[in-house]
>>> print(open('protein_30.txt').read())   # compact mmCIF, C-alpha atoms and all ligand atoms
# COMPACT_ATOMS: atom_id res chain seq x y z
CA MET A 1052 -20.60 17.06 -28.57
CA ASP A 1053 -20.45 20.09 -30.89
CA THR A 1054 -19.30 19.04 -34.33
CA LEU A 1055 -18.85 20.47 -37.78
CA THR A 1056 -21.84 20.14 -40.10
CA VAL A 1057 -21.56 17.82 -43.06
CA HIS A 1058 -23.87 17.80 -46.07
CA ALA A 1059 -24.53 14.69 -48.15
CA GLY A 1060 -27.19 15.72 -50.66
CA ASN A 1061 -30.29 16.70 -48.69
CA VAL A 1062 -29.08 15.10 -45.45
CA THR A 1063 -27.19 17.01 -42.78
CA ILE A 1064 -24.92 15.14 -40.40
CA GLY A 1065 -23.57 16.67 -37.20
CA GLY A 1066 -24.02 20.21 -35.90
CA GLU A 1067 -27.51 20.55 -34.43
CA SER A 1068 -29.00 17.82 -36.62
CA PRO A 1069 -30.77 14.74 -35.29
CA ILE A 1070 -28.98 11.39 -35.50
CA VAL A 1071 -29.05 10.11 -39.09
CA VAL A 1072 -29.99 6.46 -39.73
CA GLN A 1073 -28.23 4.68 -42.55
CA THR A 1074 -27.74 1.23 -44.04
CA MET A 1075 -26.07 -0.58 -46.92
CA CYS A 1076 -27.36 -2.65 -49.82
CA ASN A 1077 -26.25 -6.28 -50.02
CA THR A 1078 -27.08 -6.58 -53.71
CA HIS A 1079 -24.46 -6.69 -56.44
CA THR A 1080 -24.22 -3.08 -57.57
CA SER A 1081 -23.87 -4.28 -61.17
CA ASP A 1082 -27.38 -5.74 -60.84
CA VAL A 1083 -29.02 -2.37 -61.29
CA GLU A 1084 -32.59 -3.63 -61.10
CA ALA A 1085 -32.09 -5.55 -57.83
CA SER A 1086 -30.13 -2.66 -56.31
CA VAL A 1087 -32.82 -0.13 -57.21
CA ALA A 1088 -35.50 -2.42 -55.75
CA GLN A 1089 -33.54 -2.78 -52.53
CA CYS A 1090 -32.85 0.97 -52.31
CA VAL A 1091 -36.60 1.61 -52.68
CA ARG A 1092 -37.37 -0.84 -49.85
CA LEU A 1093 -34.68 0.68 -47.63
CA HIS A 1094 -35.93 4.18 -48.34
CA GLU A 1095 -39.48 3.09 -47.45
CA ALA A 1096 -38.18 1.46 -44.26
CA GLY A 1097 -36.71 4.82 -43.21
CA ALA A 1098 -33.05 4.78 -44.31
CA GLN A 1099 -31.77 8.33 -44.66
CA LEU A 1100 -28.55 7.34 -46.42
CA ILE A 1101 -27.96 4.20 -48.49
CA ARG A 1102 -24.52 2.80 -49.22
CA LEU A 1103 -23.59 0.54 -52.13
CA THR A 1104 -20.30 -1.22 -52.73
CA VAL A 1105 -18.25 -0.17 -55.75
CA PRO A 1106 -15.56 -2.79 -56.22
CA SER A 1107 -14.64 -2.00 -59.84
CA PRO A 1108 -14.70 0.97 -62.25
CA ALA A 1109 -17.53 -0.66 -64.23
CA GLN A 1110 -19.76 -0.41 -61.19
CA VAL A 1111 -19.42 3.37 -61.08
CA GLU A 1112 -21.57 3.31 -64.20
CA SER A 1113 -24.07 0.97 -62.46
CA LEU A 1114 -24.14 3.39 -59.57
CA ARG A 1115 -24.95 6.23 -61.94
CA GLN A 1116 -27.85 4.25 -63.39
CA ILE A 1117 -29.16 3.35 -59.93
CA ARG A 1118 -29.00 7.01 -58.92
CA ASP A 1119 -30.79 8.15 -62.07
CA ILE A 1120 -33.61 5.61 -61.75
CA LEU A 1121 -34.15 6.46 -58.07
CA ARG A 1122 -34.24 10.18 -58.80
CA GLN A 1123 -36.70 9.61 -61.67
CA ARG A 1124 -38.93 7.80 -59.18
CA GLY A 1125 -38.77 10.77 -56.82
CA ILE A 1126 -36.49 9.08 -54.27
CA ASP A 1127 -33.76 11.53 -53.34
CA THR A 1128 -32.16 9.55 -50.50
CA PRO A 1129 -28.44 10.31 -50.78
CA LEU A 1130 -26.29 7.42 -51.95
CA VAL A 1131 -22.88 6.52 -50.59
CA ALA A 1132 -20.23 4.68 -52.61
CA ASP A 1133 -18.29 2.18 -50.51
CA VAL A 1134 -14.81 2.03 -51.98
CA HIS A 1135 -11.82 -0.03 -50.90
CA PHE A 1136 -8.33 -0.14 -52.41
CA SER A 1137 -8.75 2.12 -55.44
CA SER A 1138 -8.52 5.89 -55.17
CA GLU A 1139 -9.41 6.08 -58.88
CA ILE A 1140 -12.79 4.43 -58.20
CA ALA A 1141 -13.35 6.78 -55.26
CA ILE A 1142 -12.61 9.77 -57.49
CA ALA A 1143 -14.96 8.55 -60.22
CA ALA A 1144 -17.73 7.74 -57.70
CA ALA A 1145 -17.39 11.18 -56.09
CA GLU A 1146 -18.78 12.66 -59.31
CA VAL A 1147 -21.83 10.39 -59.18
CA VAL A 1148 -23.09 10.11 -55.60
CA GLU A 1149 -23.44 12.37 -52.57
CA LYS A 1150 -20.90 10.67 -50.35
CA VAL A 1151 -17.92 8.36 -50.71
CA ARG A 1152 -16.65 6.05 -48.00
CA ILE A 1153 -12.97 5.24 -48.16
CA ASN A 1154 -11.06 2.83 -45.94
CA PRO A 1155 -7.69 4.45 -45.21
CA GLY A 1156 -6.27 1.06 -44.27
CA ASN A 1157 -6.72 0.09 -47.91
CA PHE A 1158 -5.31 3.24 -49.54
CA HIS A 1159 -1.77 3.28 -50.91
CA LYS A 1160 0.75 1.68 -48.53
CA ASP A 1161 3.20 4.51 -49.24
CA HIS A 1162 1.97 7.35 -47.09
CA GLU A 1163 3.15 10.09 -49.49
CA LYS A 1164 1.36 8.40 -52.40
CA ALA A 1165 -1.77 8.09 -50.27
CA ARG A 1166 -1.60 11.82 -49.50
CA GLU A 1167 -1.43 12.65 -53.20
CA GLN A 1168 -4.35 10.34 -54.01
CA PHE A 1169 -6.41 11.81 -51.20
CA ALA A 1170 -5.71 15.39 -52.32
CA ARG A 1171 -7.03 14.50 -55.78
CA LEU A 1172 -10.15 12.93 -54.27
CA VAL A 1173 -10.74 16.04 -52.15
CA GLU A 1174 -10.56 18.29 -55.23
CA VAL A 1175 -13.28 16.26 -56.94
CA CYS A 1176 -15.42 16.24 -53.78
CA LYS A 1177 -15.08 20.01 -53.44
CA ALA A 1178 -16.09 20.50 -57.07
CA ASN A 1179 -19.14 18.23 -56.74
CA GLY A 1180 -20.24 18.98 -53.17
CA THR A 1181 -19.56 15.34 -52.24
CA ALA A 1182 -18.97 14.29 -48.63
CA ILE A 1183 -16.34 11.75 -47.59
CA ARG A 1184 -16.45 9.20 -44.80
CA ILE A 1185 -13.06 8.15 -43.58
CA GLY A 1186 -14.07 4.71 -42.42
CA LEU A 1187 -11.30 2.94 -40.57
CA ASN A 1188 -11.90 -0.56 -39.23
CA HIS A 1189 -10.03 -2.31 -36.43
CA GLY A 1190 -9.31 -5.29 -38.66
CA SER A 1191 -7.66 -3.28 -41.43
CA LEU A 1192 -5.12 -1.21 -39.55
CA GLY A 1193 -1.90 -0.80 -41.55
CA GLU A 1194 1.39 -2.40 -40.49
CA ARG A 1195 3.13 0.96 -39.94
CA ILE A 1196 0.54 1.97 -37.33
CA THR A 1197 0.29 -1.41 -35.58
CA ASN A 1198 4.10 -1.51 -35.32
CA LEU A 1199 3.93 1.81 -33.48
CA TYR A 1200 0.82 1.37 -31.32
CA GLY A 1201 -0.19 -2.31 -31.45
CA ASN A 1202 -3.60 -3.47 -32.59
CA THR A 1203 -5.32 -1.11 -30.15
CA PRO A 1204 -7.97 1.62 -29.90
CA LEU A 1205 -5.09 4.10 -29.64
CA ALA A 1206 -3.71 2.84 -32.97
CA MET A 1207 -7.14 3.34 -34.57
CA LYS A 1208 -7.34 6.89 -33.25
CA GLU A 1209 -3.79 7.73 -34.34
CA ALA A 1210 -4.33 6.26 -37.81
CA VAL A 1211 -7.51 8.20 -38.47
CA MET A 1212 -6.07 11.45 -37.09
CA GLU A 1213 -3.43 11.40 -39.85
CA TRP A 1214 -6.28 11.44 -42.37
CA LEU A 1215 -8.23 14.15 -40.55
CA ASP A 1216 -5.07 16.26 -40.50
CA MET A 1217 -4.92 15.79 -44.27
CA CYS A 1218 -8.52 17.02 -44.53
CA VAL A 1219 -7.56 20.17 -42.62
CA GLU A 1220 -4.41 20.65 -44.76
CA ASN A 1221 -6.61 20.40 -47.85
CA ASP A 1222 -9.15 22.79 -46.30
CA PHE A 1223 -11.86 20.14 -46.65
CA TYR A 1224 -14.40 19.72 -43.87
CA ASN A 1225 -17.30 17.84 -45.49
CA VAL A 1226 -16.05 14.75 -43.70
CA VAL A 1227 -17.53 12.11 -41.39
CA VAL A 1228 -15.34 9.64 -39.51
CA SER A 1229 -15.83 6.11 -38.26
CA LEU A 1230 -13.67 3.75 -36.22
CA LYS A 1231 -15.59 0.48 -36.24
CA ALA A 1232 -14.64 -2.75 -34.54
CA SER A 1233 -16.49 -5.97 -33.85
CA ASN A 1234 -15.22 -5.91 -30.28
CA THR A 1235 -17.49 -3.45 -28.43
CA PHE A 1236 -14.82 -2.51 -25.91
CA VAL A 1237 -12.29 -1.64 -28.65
CA MET A 1238 -14.94 0.23 -30.63
CA VAL A 1239 -16.12 2.38 -27.71
CA GLU A 1240 -12.60 3.18 -26.53
CA ALA A 1241 -11.44 4.14 -30.04
CA TYR A 1242 -14.33 6.57 -30.54
CA ARG A 1243 -13.86 8.07 -27.08
CA LEU A 1244 -10.16 8.66 -27.75
CA LEU A 1245 -10.94 10.20 -31.13
CA ALA A 1246 -13.69 12.47 -29.74
CA GLN A 1247 -11.31 13.72 -27.05
CA GLU A 1248 -8.46 14.31 -29.50
CA MET A 1249 -10.66 16.21 -31.98
CA GLN A 1250 -11.96 18.39 -29.14
CA ASN A 1251 -8.40 19.09 -27.99
CA LYS A 1252 -7.47 20.12 -31.53
CA GLY A 1253 -10.59 22.25 -31.94
CA VAL A 1254 -11.78 20.63 -35.19
CA VAL A 1255 -14.51 18.11 -34.46
CA PHE A 1256 -15.75 16.08 -37.42
CA PRO A 1257 -19.11 14.28 -37.05
CA LEU A 1258 -18.90 10.61 -36.17
CA HIS A 1259 -20.53 7.64 -37.89
CA LEU A 1260 -20.99 4.88 -35.30
CA GLY A 1261 -21.25 1.16 -35.82
CA VAL A 1262 -20.20 -2.19 -34.42
CA THR A 1263 -18.87 -3.95 -37.46
CA GLU A 1264 -19.53 -7.64 -38.21
CA ALA A 1265 -22.00 -7.79 -35.30
CA GLY A 1266 -23.73 -10.94 -36.60
CA ASN A 1267 -27.48 -11.47 -36.66
CA GLY A 1268 -30.56 -12.13 -34.54
CA ASP A 1269 -30.72 -11.09 -30.90
CA ALA A 1270 -26.93 -11.27 -30.52
CA GLY A 1271 -26.31 -8.86 -33.41
CA ARG A 1272 -28.91 -6.41 -32.12
CA ILE A 1273 -27.65 -6.50 -28.53
CA LYS A 1274 -24.01 -6.14 -29.56
CA SER A 1275 -24.80 -3.18 -31.82
CA ALA A 1276 -26.97 -1.57 -29.15
CA VAL A 1277 -24.27 -1.94 -26.48
CA GLY A 1278 -21.53 -0.28 -28.54
CA ILE A 1279 -23.61 2.42 -30.18
CA SER A 1280 -25.67 3.37 -27.11
CA ALA A 1281 -22.59 3.62 -24.87
CA LEU A 1282 -21.33 6.42 -27.13
CA LEU A 1283 -24.63 8.11 -27.96
CA SER A 1284 -25.40 8.35 -24.23
CA GLU A 1285 -22.20 10.40 -23.89
CA GLY A 1286 -23.20 12.71 -26.74
CA ILE A 1287 -20.75 11.05 -29.15
CA GLY A 1288 -22.10 10.10 -32.59
CA ASN A 1289 -24.09 11.77 -35.35
CA THR A 1290 -25.03 9.00 -37.76
CA ILE A 1291 -25.40 5.28 -37.14
CA ARG A 1292 -25.48 2.02 -38.98
CA VAL A 1293 -26.56 -1.18 -37.27
CA SER A 1294 -24.79 -3.85 -39.24
CA LEU A 1295 -26.66 -7.19 -39.31
CA THR A 1296 -26.10 -10.36 -41.34
CA GLU A 1297 -29.74 -10.21 -42.45
CA ASP A 1298 -31.92 -8.31 -44.90
CA PRO A 1299 -30.59 -4.73 -44.50
CA ALA A 1300 -34.19 -3.50 -44.04
CA ASN A 1301 -34.07 -5.24 -40.64
CA GLU A 1302 -31.31 -2.86 -39.58
CA ILE A 1303 -33.53 0.20 -39.80
CA PRO A 1304 -35.91 -0.33 -36.83
CA VAL A 1305 -32.94 -1.11 -34.57
CA ALA A 1306 -31.06 1.98 -35.68
CA GLN A 1307 -34.22 4.08 -35.51
CA TYR A 1308 -34.79 2.98 -31.92
CA LEU A 1309 -31.26 4.17 -31.05
CA ALA A 1310 -31.73 7.47 -32.86
CA ASP A 1311 -35.10 8.05 -31.17
CA ARG A 1312 -33.83 7.16 -27.74
CA TYR A 1313 -30.73 9.36 -27.83
CA ASP A 1314 -32.53 12.23 -29.55
CA HIS A 1315 -34.92 12.02 -26.56
CA ARG A 1316 -38.03 10.90 -28.44
CA LEU A 1317 -38.31 7.64 -26.51
CA ASN A 1318 -37.67 6.39 -22.95
CA SER A 1319 -36.74 3.02 -21.53
CA THR A 1320 -39.56 0.83 -20.22
CA MET A 1321 -37.56 0.02 -17.09
CA VAL A 1322 -39.88 0.85 -14.19
CA SER A 1323 -37.56 0.16 -11.25
CA LEU A 1324 -33.85 -0.21 -10.61
CA SER A 1325 -32.20 -1.22 -7.36
CA LEU A 1326 -28.46 -1.37 -6.85
CA GLU A 1327 -26.54 -3.43 -4.32
CA GLY A 1328 -22.85 -2.64 -4.84
CA LYS A 1329 -22.05 -3.70 -8.42
CA LYS A 1330 -25.23 -5.75 -8.80
CA ALA A 1331 -28.36 -4.26 -10.38
CA VAL A 1332 -31.91 -5.60 -10.25
CA ALA A 1333 -34.02 -4.09 -13.02
CA ILE A 1334 -37.78 -4.40 -13.47
CA TYR A 1335 -39.33 -3.81 -16.90
CA ASP A 1336 -42.84 -3.40 -18.22
CA ALA A 1337 -42.12 -3.66 -21.95
CA PRO A 1338 -44.73 -3.60 -24.75
CA SER A 1339 -42.87 -6.25 -26.80
CA ARG A 1340 -39.96 -8.67 -26.76
CA GLU A 1341 -38.04 -6.51 -29.25
CA ARG A 1342 -38.50 -3.43 -27.14
CA LEU A 1343 -37.36 -5.21 -23.98
CA LEU A 1344 -34.19 -6.40 -25.71
CA MET A 1345 -33.25 -2.91 -26.90
CA ASP A 1346 -34.16 -1.16 -23.64
CA PHE A 1347 -32.21 -3.66 -21.59
CA ALA A 1348 -29.11 -3.53 -23.85
CA CYS A 1349 -29.05 0.27 -23.79
CA ASP A 1350 -29.79 0.60 -20.06
CA PHE A 1351 -26.95 -1.69 -19.01
CA GLY A 1352 -24.47 -2.12 -21.90
CA LYS A 1353 -22.34 0.90 -21.07
CA ARG A 1354 -22.38 0.21 -17.32
CA LEU A 1355 -21.13 -3.33 -17.93
CA LEU A 1356 -18.55 -2.28 -20.52
CA ASP A 1357 -17.19 0.34 -18.13
CA LYS A 1358 -17.27 -2.15 -15.22
CA GLU A 1359 -19.55 0.08 -13.17
CA LEU A 1360 -21.64 -3.09 -12.74
CA ASP A 1361 -20.67 -6.76 -12.54
CA GLU A 1362 -24.09 -8.37 -12.45
CA VAL A 1363 -27.61 -7.61 -13.67
CA VAL A 1364 -30.85 -9.39 -12.77
CA LEU A 1365 -33.70 -8.92 -15.23
CA CYS A 1366 -37.26 -8.99 -13.86
CA GLY A 1367 -40.72 -7.69 -14.74
CA SER A 1368 -42.61 -8.52 -17.91
CA TYR A 1369 -43.11 -7.96 -21.63
CA MET A 1370 -46.12 -8.41 -23.91
CA GLU A 1371 -46.26 -11.15 -26.54
CA ASP A 1372 -49.36 -11.77 -28.70
CA GLY A 1373 -51.46 -9.77 -26.24
CA VAL A 1374 -50.27 -11.83 -23.27
CA LYS A 1375 -48.09 -10.51 -20.44
CA VAL A 1376 -45.01 -12.74 -20.10
CA CYS A 1377 -43.31 -12.78 -16.69
CA LEU A 1378 -39.51 -12.52 -16.73
CA ASP A 1379 -38.81 -13.23 -13.06
CA GLY A 1380 -36.47 -16.23 -12.86
CA SER A 1381 -37.28 -17.20 -16.48
CA GLU A 1382 -34.92 -18.86 -18.95
CA TYR A 1383 -35.52 -15.97 -21.33
CA ALA A 1384 -34.36 -13.40 -18.76
CA GLU A 1385 -31.28 -15.52 -18.11
CA TYR A 1386 -30.58 -15.76 -21.85
CA LEU A 1387 -30.86 -11.98 -22.31
CA VAL A 1388 -28.47 -11.40 -19.40
CA ASP A 1389 -26.01 -13.94 -20.90
CA GLU A 1390 -26.20 -12.23 -24.30
CA LEU A 1391 -25.71 -8.81 -22.75
CA MET A 1392 -22.73 -10.00 -20.71
CA GLN A 1393 -21.16 -11.45 -23.86
CA ALA A 1394 -21.86 -8.32 -25.93
CA ALA A 1395 -20.21 -6.20 -23.22
CA ARG A 1396 -17.32 -8.71 -23.12
CA ARG A 1397 -17.78 -9.46 -19.44
CA ARG A 1398 -18.60 -13.17 -19.67
CA PHE A 1399 -18.46 -15.57 -22.62
CA TYR A 1400 -21.12 -18.27 -22.45
CA ARG A 1401 -20.97 -19.32 -26.13
CA PRO A 1402 -18.55 -18.76 -29.05
CA GLU A 1403 -18.03 -15.18 -30.15
CA TYR A 1404 -19.07 -14.73 -33.77
CA ILE A 1405 -17.83 -12.15 -36.23
CA ALA A 1406 -20.00 -12.08 -39.35
CA CYS A 1407 -20.01 -9.38 -41.97
CA PRO A 1408 -23.39 -8.03 -43.07
CA GLY A 1409 -22.68 -8.90 -46.70
CA CYS A 1410 -22.64 -6.49 -49.62
CA GLY A 1411 -22.24 -6.55 -53.38
CA ARG A 1412 -19.00 -8.46 -52.92
CA THR A 1413 -20.64 -11.35 -51.04
CA MET A 1414 -19.86 -14.70 -52.67
CA TYR A 1415 -22.50 -17.01 -51.16
CA ASN A 1416 -25.69 -17.15 -49.10
CA LEU A 1417 -24.17 -15.55 -46.07
CA GLU A 1418 -27.17 -15.55 -43.75
CA SER A 1419 -28.00 -19.25 -44.04
CA THR A 1420 -24.33 -20.27 -43.92
CA PHE A 1421 -23.77 -18.14 -40.83
CA ASN A 1422 -26.79 -19.70 -39.11
CA GLU A 1423 -25.49 -23.18 -39.94
CA VAL A 1424 -21.98 -22.34 -38.66
CA LYS A 1425 -23.57 -21.03 -35.45
CA ARG A 1426 -25.64 -24.19 -35.05
CA ARG A 1427 -22.67 -26.53 -35.60
CA THR A 1428 -20.20 -24.61 -33.42
CA ALA A 1429 -22.48 -23.66 -30.53
CA HIS A 1430 -20.48 -25.86 -28.14
CA LEU A 1431 -17.17 -24.04 -28.68
CA LYS A 1432 -17.56 -21.58 -25.82
CA GLY A 1433 -15.15 -18.64 -25.88
CA MET A 1434 -13.78 -19.38 -29.38
CA VAL A 1435 -13.92 -16.50 -31.91
CA ILE A 1436 -15.30 -17.66 -35.28
CA ALA A 1437 -15.63 -15.38 -38.30
CA VAL A 1438 -17.92 -15.87 -41.30
CA MET A 1439 -17.05 -13.39 -44.02
CA GLY A 1440 -18.64 -12.75 -47.39
CA CYS A 1441 -15.58 -12.19 -49.56
CA ILE A 1442 -11.90 -12.93 -49.86
CA VAL A 1443 -11.09 -9.30 -50.78
CA ASN A 1444 -11.94 -7.67 -47.45
CA GLY A 1445 -12.97 -10.62 -45.29
CA PRO A 1446 -9.54 -11.79 -44.06
CA GLY A 1447 -8.44 -8.24 -43.23
CA GLU A 1448 -11.66 -7.50 -41.37
CA MET A 1449 -11.76 -10.64 -39.22
CA ALA A 1450 -9.69 -8.86 -36.56
CA ASP A 1451 -8.97 -11.29 -33.72
CA ALA A 1452 -10.90 -14.34 -34.94
CA ASP A 1453 -9.48 -17.76 -34.07
CA TRP A 1454 -11.02 -19.30 -37.20
CA GLY A 1455 -12.44 -17.79 -40.35
CA TYR A 1456 -14.81 -19.06 -43.06
CA VAL A 1457 -14.29 -16.81 -46.08
CA GLY A 1458 -16.15 -16.92 -49.41
CA GLU A 1459 -13.82 -17.07 -52.44
CA GLY A 1460 -16.43 -17.07 -55.20
CA ASN A 1461 -17.31 -19.94 -57.60
CA ASN A 1462 -18.84 -21.89 -54.69
CA LYS A 1463 -15.46 -22.20 -53.00
CA VAL A 1464 -14.41 -21.23 -49.48
CA SER A 1465 -11.09 -20.52 -47.75
CA ILE A 1466 -10.66 -21.52 -44.14
CA TYR A 1467 -8.38 -19.41 -41.97
CA LYS A 1468 -6.70 -20.13 -38.66
CA GLY A 1469 -6.12 -16.67 -37.28
CA LYS A 1470 -4.77 -14.63 -40.17
CA THR A 1471 -3.40 -17.66 -42.06
CA PRO A 1472 -5.33 -19.51 -44.75
CA VAL A 1473 -5.03 -23.21 -43.91
CA LEU A 1474 -7.35 -24.61 -46.59
CA ARG A 1475 -8.22 -22.98 -49.88
CA HIS A 1476 -10.75 -23.75 -52.61
CA VAL A 1477 -12.93 -25.95 -50.38
CA PRO A 1478 -16.28 -26.71 -52.06
CA GLU A 1479 -19.00 -24.80 -50.22
CA ASP A 1480 -21.00 -27.92 -49.31
CA GLU A 1481 -17.96 -29.42 -47.52
CA ALA A 1482 -16.62 -26.26 -45.92
CA ILE A 1483 -18.43 -26.36 -42.56
CA ASP A 1484 -17.40 -30.02 -42.04
CA LYS A 1485 -13.80 -29.11 -42.88
CA LEU A 1486 -13.88 -26.14 -40.52
CA LEU A 1487 -15.09 -28.34 -37.67
CA GLU A 1488 -12.52 -31.03 -38.49
CA LEU A 1489 -9.73 -28.47 -38.37
CA ILE A 1490 -10.97 -27.00 -35.10
CA GLU A 1491 -11.26 -30.45 -33.49
CA ASN A 1492 -7.77 -31.49 -34.63
CA ALA A 1493 -6.07 -28.21 -33.75
S1 LIG A 1501 -16.28 -8.74 -45.91
FE1 LIG A 1501 -18.50 -8.86 -46.24
S2 LIG A 1501 -19.30 -6.76 -46.05
FE2 LIG A 1501 -17.04 -6.63 -46.23
S3 LIG A 1501 -16.71 -6.30 -48.41
FE3 LIG A 1501 -16.60 -8.53 -48.10
S4 LIG A 1501 -18.70 -9.27 -48.41
FE4 LIG A 1501 -18.83 -7.05 -48.19
>>> encode(input="protein_30.txt", output="structure tokens", more="lines below")
Ligand code: SF4
Amino acid sequence: MDTLTVHAGNVTIGGESPIVVQTMCNTHTSDVEASVAQCVRLHEAGAQLIRLTVPSPAQVESLRQIRDILRQRGIDTPLVADVHFSSEIAIAAAEVVEKVRINPGNFHKDHEKAREQFARLVEVCKANGTAIRIGLNHGSLGERITNLYGNTPLAMKEAVMEWLDMCVENDFYNVVVSLKASNTFVMVEAYRLLAQEMQNKGVVFPLHLGVTEAGNGDAGRIKSAVGISALLSEGIGNTIRVSLTEDPANEIPVAQYLADRYDHRLNSTMVSLSLEGKKAVAIYDAPSRERLLMDFACDFGKRLLDKELDEVVLCGSYMEDGVKVCLDGSEYAEYLVDELMQAARRRFYRPEYIACPGCGRTMYNLESTFNEVKRRTAHLKGMVIAVMGCIVNGPGEMADADWGYVGEGNNKVSIYKGKTPVLRHVPEDEAIDKLLELIENA
């Protein structure tokens, strides 16, 4: 898809440029030393853009220090300030870093006020050559829009179009857009609707793709690959973030695989495909387990999401520690098919998890807590359980979760049933027990 070209420091997004790989720090931005160390690692891992959360004005100063230290060390990877709620922080950050991400769902509730705030932000971005990402998430759609369009992909598209219209009114085009959701079907549909609408209007902003709160491990990788590859294979998407509840450095190889594959630097290791109606039998000869997982998710995610296929059988082999492992009829092949079916929302064989990747707002050890929640709730097939790092954005971002475990800070947790907090200030070491108790007694 032909798009406008956006510049964030030395990185170009959209136009004829290759797909840009990005990630986000999960350090506290106020911890300058830790944030610099993580930025260095992410840069070395191949991140082309690095985002940091900026929850308060004081952290704009931390961001400035992080930027200065990185530049002194010869690392010129553009930095992105992730800003929610405060246009004043976004304006201040726009003078410091190359790109600012705003969440329109969190801007001023009064639309006219939001327009004024945005116009001021645009002026600062124009003066400093700063790019903006308008990053709307499914979970944080405003009431005005959901009253009109429901909690749907159409609502996401309509909401973000209001902001893109504002960019055009302000004659500002250094803008990237994202419409993330944890539900791959919602995410893919929202981006498709937006791509079509921008083409109809003749002003096509580059798209940042991501499946938000995808979780971790194989499930997080498969879910991200399904959503992102479905769009990249249609020529939609210019920059990607694979969001995992893990060390953010782990996101880079997954994202790089997707960039390489859809920029035609890499092919699937599927060696044979036979189709019988809506059933596919695929044979692979993969050099590793990781490669098999990504190839398989990208080869069949879109076809399952779009219901072109109902069933996939995985055969062939992959290499592990120098040994060829046969997939035919194996438990591992069955497991990968189950995970792919769940990621494409065609069959739910275990609970569906929504877990944020964590950032500078995270209030506890998210990765280990998430793994423990997964272990203790594995039997709750079909239930949607969210594990979120902070009380500020977590509840809004949990989208359609049945239950939520949300960090409050000070070793306390809030437990949500749907969008309603049912227990607050639960000590962290009791919170998983309480969550299970509530689920069992519901
Ligand atoms: S929900 Fe998670 S990723 Fe989002 S702001 Fe809170 S801690 Fe950060």
>>> residues_around(input="protein_30.txt", residues="Thr1235 (chain A)", least_positions_apart="2", cutoff="10 Å", atoms="only C-alpha atoms", output="MDAnalysis selection string")
chainID A and resid 1231:1233 1237:1241 1261:1263 1265 1274:1279 1281 1352:1353 1356 1393:1396
>>> write_last_selection(input="protein_30.txt", atoms="C-alpha atoms", output="compact mmCIF listing (two decimals), keeping the file's coordinate frame")
# COMPACT_ATOMS: atom_id res chain seq x y z
CA LYS A 1231 -15.59 0.48 -36.24
CA ALA A 1232 -14.64 -2.75 -34.54
CA SER A 1233 -16.49 -5.97 -33.85
CA VAL A 1237 -12.29 -1.64 -28.65
CA MET A 1238 -14.94 0.23 -30.63
CA VAL A 1239 -16.12 2.38 -27.71
CA GLU A 1240 -12.60 3.18 -26.53
CA ALA A 1241 -11.44 4.14 -30.04
CA GLY A 1261 -21.25 1.16 -35.82
CA VAL A 1262 -20.20 -2.19 -34.42
CA THR A 1263 -18.87 -3.95 -37.46
CA ALA A 1265 -22.00 -7.79 -35.30
CA LYS A 1274 -24.01 -6.14 -29.56
CA SER A 1275 -24.80 -3.18 -31.82
CA ALA A 1276 -26.97 -1.57 -29.15
CA VAL A 1277 -24.27 -1.94 -26.48
CA GLY A 1278 -21.53 -0.28 -28.54
CA ILE A 1279 -23.61 2.42 -30.18
CA ALA A 1281 -22.59 3.62 -24.87
CA GLY A 1352 -24.47 -2.12 -21.90
CA LYS A 1353 -22.34 0.90 -21.07
CA LEU A 1356 -18.55 -2.28 -20.52
CA GLN A 1393 -21.16 -11.45 -23.86
CA ALA A 1394 -21.86 -8.32 -25.93
CA ALA A 1395 -20.21 -6.20 -23.22
CA ARG A 1396 -17.32 -8.71 -23.12
>>> closest_residue(input="protein_30.txt", among="A:Val1105, A:Ala1348, A:Ala1088, A:Ile1142", to="ligand LIG 1501 (chain A)", atoms="only C-alpha atoms and all ligand atoms")
A:Val1105
>>> closest_residue(input="protein_30.txt", among="A:Glu1112, A:Glu1448, A:Glu1385, A:Asp1372", to="ligand LIG 1501 (chain A)", atoms="all atoms listed in the file")
A:Glu1448
>>> residues_around(input="protein_30.txt", residues="Glu1084 (chain A)", least_positions_apart="5", cutoff="10 Å", atoms="all atoms listed in the file", output="ChimeraX atom specification")
/A:1078-1079,1089-1090,1113,1116-1117,1120
>>> residues_near_ligand(input="protein_30.txt", ligand="ligand LIG 1501 (chain A)", cutoff="9 Å", atoms="only C-alpha atoms and all ligand atoms", output="PyMOL selection string")
chain A and resi 1077+1104+1106+1133+1135+1264+1406-1414+1417+1438-1449+1457-1458
>>> closest_residue(input="protein_30.txt", among="A:Ser1280, A:Thr1056, A:Gln1168, A:Asn1301", to="Asp1314 (chain A)", atoms="all atoms listed in the file")
A:Ser1280
>>> closest_residue(input="protein_30.txt", among="A:Asp1298, A:Ile1185, A:Val1057, A:Pro1069", to="Arg1316 (chain A)", atoms="all atoms listed in the file")
A:Pro1069
>>> residues_around(input="protein_30.txt", residues="Cys1377 (chain A)", least_positions_apart="3", cutoff="8 Å", atoms="all atoms listed in the file", output="list in words")
Cys1366, Gly1367, Ser1368, Tyr1369 and Ser1381 of chain A
>>> atom_distance(input="protein_30.txt", atom1="CA of Arg1272 (chain A)", atom2="CA of Arg1184 (chain A)")
23.7 Å
>>> closest_residue(input="protein_30.txt", among="A:Lys1470, A:Val1148, A:Gly1193, A:Leu1258", to="Thr1054 (chain A)", atoms="only C-alpha atoms")
A:Leu1258
>>> residues_around(input="protein_30.txt", residues="region 1200-1213 of chain A", least_positions_apart="6", cutoff="9 Å", atoms="only C-alpha atoms", output="list in words")
Pro1155, Gly1156, Ile1185, Gly1186, Leu1187, Asn1188, His1189, Gly1190, Leu1192, Gly1193, Val1228, Ser1229, Leu1230, Phe1236, Val1237, Met1238, Val1239, Glu1240, Ala1241, Tyr1242, Leu1244, Leu1245, Glu1248 and Met1249 of chain A
